[in-house]
Every structure is written in C-alpha cells, then in structure tokens.
Amino acid sequence: MERLQVAVQEARERRARLTEADPRTRTPALGPEPETPVSPWGKLSSVTPPRRRLLRGRIFLNARAPGGVAIDLLRTRLLKLMASNGWKRVMITSPNSGCGKTNVCANLAMALSRRPEGRAVLIDLDVFRPSLAGTLGLNPTTGVADVLTGRVAPSDQMVSIGGNLAVCASRSAHPEDANVLKTRKAREVLDEIERDFAPDIMLFDAPPFFGTDAVIAASDMVDCVVIVGASGESSIDQLDRTESDLSQYTNIAGIVLNKCRYLAGDSDAAYPQ
Ligand SMILES: Nc1ncnc2c1ncn2[C@@H]1O[C@H](COP(=O)(O)OP(=O)(O)OP(=O)(O)O)[C@@H](O)[C@H]1O
Ligand SMILES: [Mg+2]
C-alpha cells in the first residue's frame, strides 16, 4: 500500500514537471494584452462634398460626362504607371498659376475615391494659394503646415471622403510656411502618413513651378510629377522648361493639357448608355 502511494505521488510530480515545461499547457502570465494597431482611417471624420460645390468647381461626379472619362483615363493610366515603377507619391504642378492643378488634383482624388478598392491620400502643398478645401467644400480648422511641423496629428486634421480618400487641406494661405517643405520633420510626417494610412497613391497639389523654389524643395518628397498645362495659356517653351528642370530632381509621369475646348474625335459620349 505504501509503495502504491509513493508511485502515485511520483506520477503527480512527473505530470506537474511536464505541465510546467510545455508552453501549450502553461497558464498565460497575467499582464497587459499585446497592443493591436488601430487604423487611423477609423479616427477620421467623414465628409460628403456638397454636390453643387463640386459641380461649380468643375469636379466630375462620375465618368458619364466626356470630361469625366478623361479623368478616369488619367487615373487609371497614372495608377498603372506608378504601380509598374513602384511609385506611391505624385505631385501636380504647372509652369504658371491658374492652369488647373487644383482642378486636376481634386478630380483625380474623387475618381480615386470611386474605386471599389484601394486607398488614396490627398495633400494640399500649395501654401501660397491653397484651394483644395474650397474646391471640395471642406472647412479645416488647422492647416497642412500644422501637420507637417508635427503640431497636429494627421488623424486629427485629415478628413475622409467615401471612406477611402483621406484629405489634408488648409483653410488659408501662409507663404511663410513654404520653408516647412524643406524640413526633415515634414519628410518624417509624410513617411508616417504613408505608413499608417497605407494608401496605394498619395496626391500632392503644388504651387506653380516658376516663381518660387517650393516645387523643387518638395520634389524629393515625391516619386513623380504630373505637369498641367492650360490650352491657350501655357507655351510649349514653358512646359519644356518645367519638364527639363524638374526631371533633374524627380520622375516626370506626364503632361496633362487642361482647358481644351475641343474633344478628340475618338471620344464616344453616347457610350455606354
Ligand atoms: N478644364 C477646365 N476648363 C475650364 N476652366 C477650368 C478648367 N480647369 C480649371 N479651370 C478654371 O481655371 C481656374 C484655375 O483653376 P485651378 O484653381 O484649378 O488652377 P491652379 O493651377 O490650381 O491655380 P493656382 O496656381 O492659383 O493654384 C479656376 O477658375 C477653374 O475653375
Ligand atoms: Mg491651385
């Protein structure tokens, strides 16, 4: 009987040792749960740009208008070019002011937000004449420079349109903020936005190329640029100079001719119906 009790005791001790050594049967140590990263998209307030504001600013609501088809084509070509080169960030500039940079940028962003999948970030880098907020009917209480200097967290400043377009826009012009574009902090914040929001494309509305050093300063923060020329306003020489100067600093994704009055004969506005 005594031997039997000893054997039972030994078996208990052996089982206790085995349980201790096997991590699958060990009771987890009490303590804080491991943190799961929270997507910053969920923190953004969601806005719906007023339809009338969009129409007034020549922002197409869909691809049915002939101009809307051109924007969808630009979106898809740009996405393919950028994906094939591994590019994420594209800056939109023009030789001079008023060529339609903001219009092309806002139209592209809205066309990107109509995709069933994929996420985009739109940032107004035009500290001289920020007009994305007005074009899209947004009312930011702080500006892009507040984000790029780290004063305001991106997720507190940006808003979401359609759940897959995050917009960082400014309320008013601050030319003195042009120097913010030259700082390491601005680069770090953009890297943080790219990492946390995980967009497949980031669009930057920029000032005109001529007149300041802002576009060259920002050119190494992006992977490529689109140059917008205005039909009847931009000369071939201005477009050439903008392209050749900028190509020293970044990739040229293409040139868009805006404000064309006549459509190419191969568009078929009646299809599909
Ligand atoms: N395709 C177009 N057809 C007709 N008008 C247009 C077109 N694109 C833009 N515009 C008009 O031209 C003006 C300038 O457009 P926009 O603000 O987009 O240009 P910009 O290049 O961003 O100007 P800025 O240099 O001041 O930032 C606006 O009044 C806009 O409505
Ligand atoms: Mg503009």
# chains A, B, ... in the order shown; residues from 1 in each chain; ligands from 1
$ residues_around --residues "region 228-236 of chain A" --least-positions-apart "3" --cutoff "9 Å" --atoms "only C-alpha atoms" --output "MDAnalysis selection string"
chainID A and resid 92:96 98:101 104 239:241 254:261
$ residues_near_ligand --ligand "ligand 2" --cutoff "8 Å" --atoms "only C-alpha atoms and all ligand atoms" --output "PDB file with N, CA and C atoms, in the first residue's frame"
ATOM      1  N   SER A  97       0.610  79.970 -62.699  1.00  0.00           N
ATOM      2  CA  SER A  97      -0.606  79.780 -61.900  1.00  0.00           C
ATOM      3  C   SER A  97      -1.842  79.690 -62.801  1.00  0.00           C
ATOM      4  N   GLY A  98      -2.884  79.119 -62.259  1.00  0.00           N
ATOM      5  CA  GLY A  98      -4.185  79.114 -62.917  1.00  0.00           C
ATOM      6  C   GLY A  98      -4.358  78.106 -64.034  1.00  0.00           C
ATOM      7  N   GLY A 100      -4.892  74.922 -63.705  1.00  0.00           N
ATOM      8  CA  GLY A 100      -5.869  73.889 -63.349  1.00  0.00           C
ATOM      9  C   GLY A 100      -5.289  72.758 -62.511  1.00  0.00           C
ATOM     10  N   LYS A 101      -4.178  73.026 -61.801  1.00  0.00           N
ATOM     11  CA  LYS A 101      -3.563  71.982 -60.947  1.00  0.00           C
ATOM     12  C   LYS A 101      -4.568  71.461 -59.924  1.00  0.00           C
ATOM     13  N   THR A 102      -5.208  72.418 -59.215  1.00  0.00           N
ATOM     14  CA  THR A 102      -6.134  72.014 -58.149  1.00  0.00           C
ATOM     15  C   THR A 102      -7.322  71.274 -58.734  1.00  0.00           C
ATOM     16  N   ASN A 103      -7.782  71.739 -59.888  1.00  0.00           N
ATOM     17  CA  ASN A 103      -8.917  71.083 -60.531  1.00  0.00           C
ATOM     18  C   ASN A 103      -8.563  69.639 -60.903  1.00  0.00           C
ATOM     19  N   ASP A 126       0.132  73.619 -51.591  1.00  0.00           N
ATOM     20  CA  ASP A 126       0.215  74.989 -52.106  1.00  0.00           C
ATOM     21  C   ASP A 126      -0.029  75.973 -50.955  1.00  0.00           C
ATOM     22  N   ARG A 129      -1.513  79.537 -52.361  1.00  0.00           N
ATOM     23  CA  ARG A 129      -2.940  79.631 -52.704  1.00  0.00           C
ATOM     24  C   ARG A 129      -3.607  78.276 -52.474  1.00  0.00           C
ATOM     25  N   PRO A 130      -3.774  77.892 -51.221  1.00  0.00           N
ATOM     26  CA  PRO A 130      -4.415  76.576 -51.000  1.00  0.00           C
ATOM     27  C   PRO A 130      -5.885  76.642 -51.386  1.00  0.00           C
ATOM     28  N   SER A 131      -6.301  75.827 -52.321  1.00  0.00           N
ATOM     29  CA  SER A 131      -7.713  75.933 -52.721  1.00  0.00           C
ATOM     30  C   SER A 131      -8.427  74.594 -52.783  1.00  0.00           C
ATOM     31  N   LEU A 132      -7.763  73.541 -52.303  1.00  0.00           N
ATOM     32  CA  LEU A 132      -8.456  72.244 -52.297  1.00  0.00           C
ATOM     33  C   LEU A 132      -9.652  72.261 -51.361  1.00  0.00           C
ATOM     34  N   ASP A 205      -1.141  68.527 -54.263  1.00  0.00           N
ATOM     35  CA  ASP A 205      -1.442  69.715 -55.058  1.00  0.00           C
ATOM     36  C   ASP A 205      -0.350  70.744 -54.743  1.00  0.00           C
ATOM     37  N   ALA A 206       0.389  71.173 -55.763  1.00  0.00           N
ATOM     38  CA  ALA A 206       1.568  72.019 -55.524  1.00  0.00           C
ATOM     39  C   ALA A 206       1.360  73.419 -56.089  1.00  0.00           C
ATOM     40  N   PRO A 207       2.229  74.360 -55.711  1.00  0.00           N
ATOM     41  CA  PRO A 207       2.201  75.685 -56.353  1.00  0.00           C
ATOM     42  C   PRO A 207       2.729  75.580 -57.788  1.00  0.00           C
TER      43      PRO A 207
END
$ select_by_dssp --residues "region 36-192 of chain A" --states "helix (DSSP H, G or I)" --output "PyMOL selection string"
chain A and resi 40-43+51-56+66-85+101-113+132-136+144-148+154-157+175-182+184-192
$ atom_distance --atom1 "CA of Val121 (chain A)" --atom2 "CA of Glu192 (chain A)"
12.3 Å
$ atom_distance --atom1 "CA of Val47 (chain A)" --atom2 "CA of Ala153 (chain A)"
18.5 Å
$ residues_around --residues "region 39-41 of chain A" --least-positions-apart "6" --cutoff "12 Å" --atoms "only C-alpha atoms" --output "ChimeraX atom specification"
/A:119-121,153-167,192-199
